[in-house]
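Worksheet: one structure, shown below.
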Amino acid sequence: MGNNLLQGKRGFIFGALNDMSIAWKVAERAVEEGAKITLTNTPMAMRMGTTNELAEQLNTIVIPADATSVEDLQKVFEESQKYLGGKIDFVLHSIGMSPNVRKKRTYDDLDYTMLSTTLDVSAISFHKMIQVAKKMDAIAEGGSILALSYVAAQRTFFGYNDMADAKALLESIARSFGYIYGRSKGVRVNTISQSPTYTTAGSGVKGIGNLLDFSNKMSPLGNADAAECADYCIVMFSDLTRKVTMQNLFHDGGFSSMGMSLRAMNQYEKGLEEYTDEHGNIIYG
């Protein structure tokens with residue numbers, strides 16, 4: 001049951017591939033909270049995934065578009081405004097792909113053509129999306145633009161490869177455009193740094209199962225799942241966060257503030273006796 005946090009708002013969601021996608025969960029929650037939305041994804045992703053099923057479920061349309069194409073993005077904003085009946089209040093950029101990761105190229109042996117594709121799809125598309133929206137004056141005053149990031153933008157994670165560079169660029173774009181768009185139209189631009197999440201894209205990261213386990217052990221609250229990330233996105237789209245912009249917001253159960261947790265240390269210990277009191281209770285301090 002929703003709380004009408006997005007009642008009367010219009011938005012579009014980029015990147016809902018299937019029901020494993022964070023974007024899929026965000027779309028469902030947005031409609032539940034009273035919003036009208038459109039969906040968009042690449043024609044190839046639409047063939048691979050089940051975006052059309054989500055559109056039918058939510059009684060909306062899918063606009064095929066390549067996020068690296070300015071012309072396609074113009075079409076998305078034009079058709080979305082026409083279908084929804086006005087300017088857009090919120091946008092989610094949930095797009096990421098690395099050919100180097102898919103081809104198992106290590107970071108010290110990158111194919112630079114593939115690197116360009118990684119950056120274009122995963123980060124520069126965010127700049128294109130915002131630039132197109134601003135030039136078309138497609139976002140309503142006080143609107144909210146979000147992109148999904150990961151802590152590897154700040155810290156090195158084995159196997160994350162050139163996607164770390166893409167996420168760092170993504171966050172920089174949010175800060176730069178957040179200033180410009182905030183001053184001119186009061187539009188908020190933020191990124192959410194989500195826990196590692198087992199999505200179709202995430203499954204391509206080397207050692208994702210071990211990464212999920214380690215992150216869960218390190219995080220005081222455990223990993224945030226896709227549905228919980230969707231809840232956070234809804235709050236960021238709502239009027240409750242009118243003065244939040246240019247931020248990279250960690251939604252990771254506390255992982256980003258941890259150095260080492262007892263549960264993670266226990267991977268290297270035979271038992272927990274050393275860390276318990278006289279009653280056998282674990283001492284976490």
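In the structure tokens, each chain is lettered A, B, ... as it comes, each chain's residues begin at 1, and ligands are numbered from 1 in order of appearance.
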
* Fewer than 3 positions away in the same chain doesn't count, so skip those; otherwise give me all residues within 10 Å of A:Ile95, counting only C-alpha atoms, as number ranges by chain. => A: 14-17, 23, 41, 67, 92, 121-123, 125-126, 147-149, 201

Any chance you could export the current selection's C-alpha atoms as a short mmCIF file (atom, residue, chain, number, x, y, z; two decimals), in the first residue's frame?
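This went into part_38.cif:
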```
data_model
loop_
_atom_site.label_atom_id
_atom_site.label_comp_id
_atom_site.auth_asym_id
_atom_site.auth_seq_id
_atom_site.Cartn_x
_atom_site.Cartn_y
_atom_site.Cartn_z
CA PHE A 14 15.41 3.94 -18.01
CA GLY A 15 16.80 0.43 -17.61
CA ALA A 16 14.04 -1.93 -16.44
CA LEU A 17 15.17 -5.17 -18.10
CA ALA A 23 14.66 -0.07 -12.24
CA ASN A 41 15.20 0.75 -22.84
CA ALA A 67 20.64 6.23 -24.20
CA LEU A 92 15.88 7.30 -13.19
CA VAL A 121 26.77 3.64 -22.01
CA SER A 122 27.31 3.76 -18.25
CA ALA A 123 28.14 7.44 -17.63
CA SER A 125 24.60 8.72 -21.40
CA PHE A 126 23.67 10.37 -18.07
CA ALA A 147 21.38 7.59 -11.33
CA LEU A 148 22.53 4.38 -9.68
CA SER A 149 26.19 4.12 -8.68
CA ALA A 201 24.09 -6.67 -15.12
#
```

* Can you pull out every residue within 10 Å of A:Asp239, counting only C-alpha atoms, but drop anything in the same chain fewer than 6 positions away, and send it as a ChimeraX atom specification? => /A:5-6,142-144

Go ahead and dump the residues you just picked, N, CA and C atoms, as a compact mmCIF listing (two decimals), in the first residue's frame.
```
# COMPACT_ATOMS: atom_id res chain seq x y z
N LEU A 5 3.17 9.39 -2.13
CA LEU A 5 4.33 10.28 -2.13
C LEU A 5 4.58 10.92 -3.50
N LEU A 6 4.13 10.25 -4.56
CA LEU A 6 4.35 10.78 -5.91
C LEU A 6 3.03 11.09 -6.62
N GLY A 142 11.82 22.00 -9.78
CA GLY A 142 11.94 21.17 -8.58
C GLY A 142 11.97 19.69 -8.85
N GLY A 143 12.17 19.30 -10.11
CA GLY A 143 12.21 17.88 -10.46
C GLY A 143 13.43 17.17 -9.88
N SER A 144 13.46 15.86 -10.04
CA SER A 144 14.52 15.04 -9.45
C SER A 144 15.06 14.06 -10.47
```

* **Those in stretch 122-236 of chain A with helix (DSSP H, G or I) from DSSP, as number ranges by chain** => A: 122-136, 151-153, 163-185, 202-204, 208-218, 226-236

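Residues of stretch 4-98 of chain A that DSSP places in strand (DSSP E), based on the backbone of this structure, are Arg10, Gly11, Phe12, Ile13, Phe14, Lys36, Ile37, Thr38, Leu39, Thr40, Asn41, Val62, Ile63, Pro64, Ile88, Asp89, Phe90, Val91, Leu92 and His93 of chain A.
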
* Would you mind listing what lies within 12 Å of A:Leu54 as number ranges by chain, with only C-alpha atoms counted and same-chain residues fewer than 5 positions away left out? => A: 13, 15-21, 23-28, 31, 37-40, 46, 49, 59-62

Just-selected residues, C-alpha atoms written as a CSV table (one decimal), in the first residue's frame:
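Everything below was put into out14.csv:
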```
chain,number,residue,atom,x,y,z
A,13,ILE,CA,12.4,5.0,-15.9
A,15,GLY,CA,16.8,0.4,-17.6
A,16,ALA,CA,14.0,-1.9,-16.4
A,17,LEU,CA,15.2,-5.2,-18.1
A,18,ASN,CA,13.4,-7.8,-16.0
A,19,ASP,CA,12.0,-8.4,-12.5
A,20,MET,CA,15.6,-8.7,-11.2
A,21,SER,CA,16.3,-5.0,-12.2
A,23,ALA,CA,14.7,-0.1,-12.2
A,24,TRP,CA,11.8,-2.6,-12.5
A,25,LYS,CA,11.2,-2.3,-8.7
A,26,VAL,CA,11.4,1.5,-8.9
A,27,ALA,CA,8.8,1.6,-11.7
A,28,GLU,CA,6.4,-0.6,-9.6
A,31,VAL,CA,3.1,3.8,-9.7
A,37,ILE,CA,5.4,6.9,-15.8
A,38,THR,CA,6.8,5.8,-19.1
A,39,LEU,CA,9.5,3.1,-19.5
A,40,THR,CA,12.4,3.1,-21.9
A,46,MET,CA,13.7,-5.1,-24.9
A,49,GLY,CA,14.1,-8.8,-21.3
A,59,ASN,CA,-0.7,0.3,-17.8
A,60,THR,CA,1.9,2.4,-19.6
A,61,ILE,CA,4.1,2.5,-22.7
A,62,VAL,CA,7.7,1.5,-23.5
```

* Asked: Nearest to A:Thr106: which of A:Leu169, A:Leu221, A:Met163, A:Ala55 is it, counting only C-alpha atoms?
  ->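 Closest candidate: A:Met163.
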
* Extract, using only C-alpha atoms, all DNA, RNA and protein residues at most 10 Å from A:Gln154, discarding same-chain residues fewer than 3 positions from it, and format them as a VMD selection string. => chain A and resid 150 to 151 157 164 to 165 167 to 168 256

Give me a file of those residues, with N, CA and C atoms, as an mmCIF file, in the first residue's frame.
```
data_model
loop_
_atom_site.group_PDB
_atom_site.id
_atom_site.type_symbol
_atom_site.label_atom_id
_atom_site.label_comp_id
_atom_site.auth_asym_id
_atom_site.auth_seq_id
_atom_site.Cartn_x
_atom_site.Cartn_y
_atom_site.Cartn_z
ATOM 1 N N TYR A 150 27.916 2.920 -7.458
ATOM 2 C CA TYR A 150 28.458 1.869 -6.584
ATOM 3 C C TYR A 150 29.729 2.393 -5.929
ATOM 4 N N VAL A 151 30.041 1.904 -4.740
ATOM 5 C CA VAL A 151 31.162 2.381 -3.939
ATOM 6 C C VAL A 151 32.511 2.214 -4.642
ATOM 7 N N PHE A 157 37.709 -2.331 -6.002
ATOM 8 C CA PHE A 157 37.099 -3.637 -5.781
ATOM 9 C C PHE A 157 37.532 -4.590 -6.877
ATOM 10 N N ALA A 164 34.308 0.827 -12.563
ATOM 11 C CA ALA A 164 34.645 1.759 -11.485
ATOM 12 C C ALA A 164 34.908 3.152 -12.047
ATOM 13 N N ASP A 165 35.622 3.220 -13.164
ATOM 14 C CA ASP A 165 35.876 4.502 -13.821
ATOM 15 C C ASP A 165 34.562 5.136 -14.287
ATOM 16 N N LYS A 167 31.548 4.685 -13.019
ATOM 17 C CA LYS A 167 30.765 5.166 -11.880
ATOM 18 C C LYS A 167 31.349 6.462 -11.311
ATOM 19 N N ALA A 168 32.680 6.583 -11.305
ATOM 20 C CA ALA A 168 33.298 7.823 -10.841
ATOM 21 C C ALA A 168 32.886 8.991 -11.737
ATOM 22 N N SER A 256 29.873 1.367 3.475
ATOM 23 C CA SER A 256 30.824 2.408 3.062
ATOM 24 C C SER A 256 31.530 3.076 4.228
#
```

* Between A:Pro43, A:Gly8, A:Gly2, A:Gly222, single out the one closest to A:Arg29, counting only C-alpha atoms. =>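 Nearest to A:Arg29: A:Gly2.
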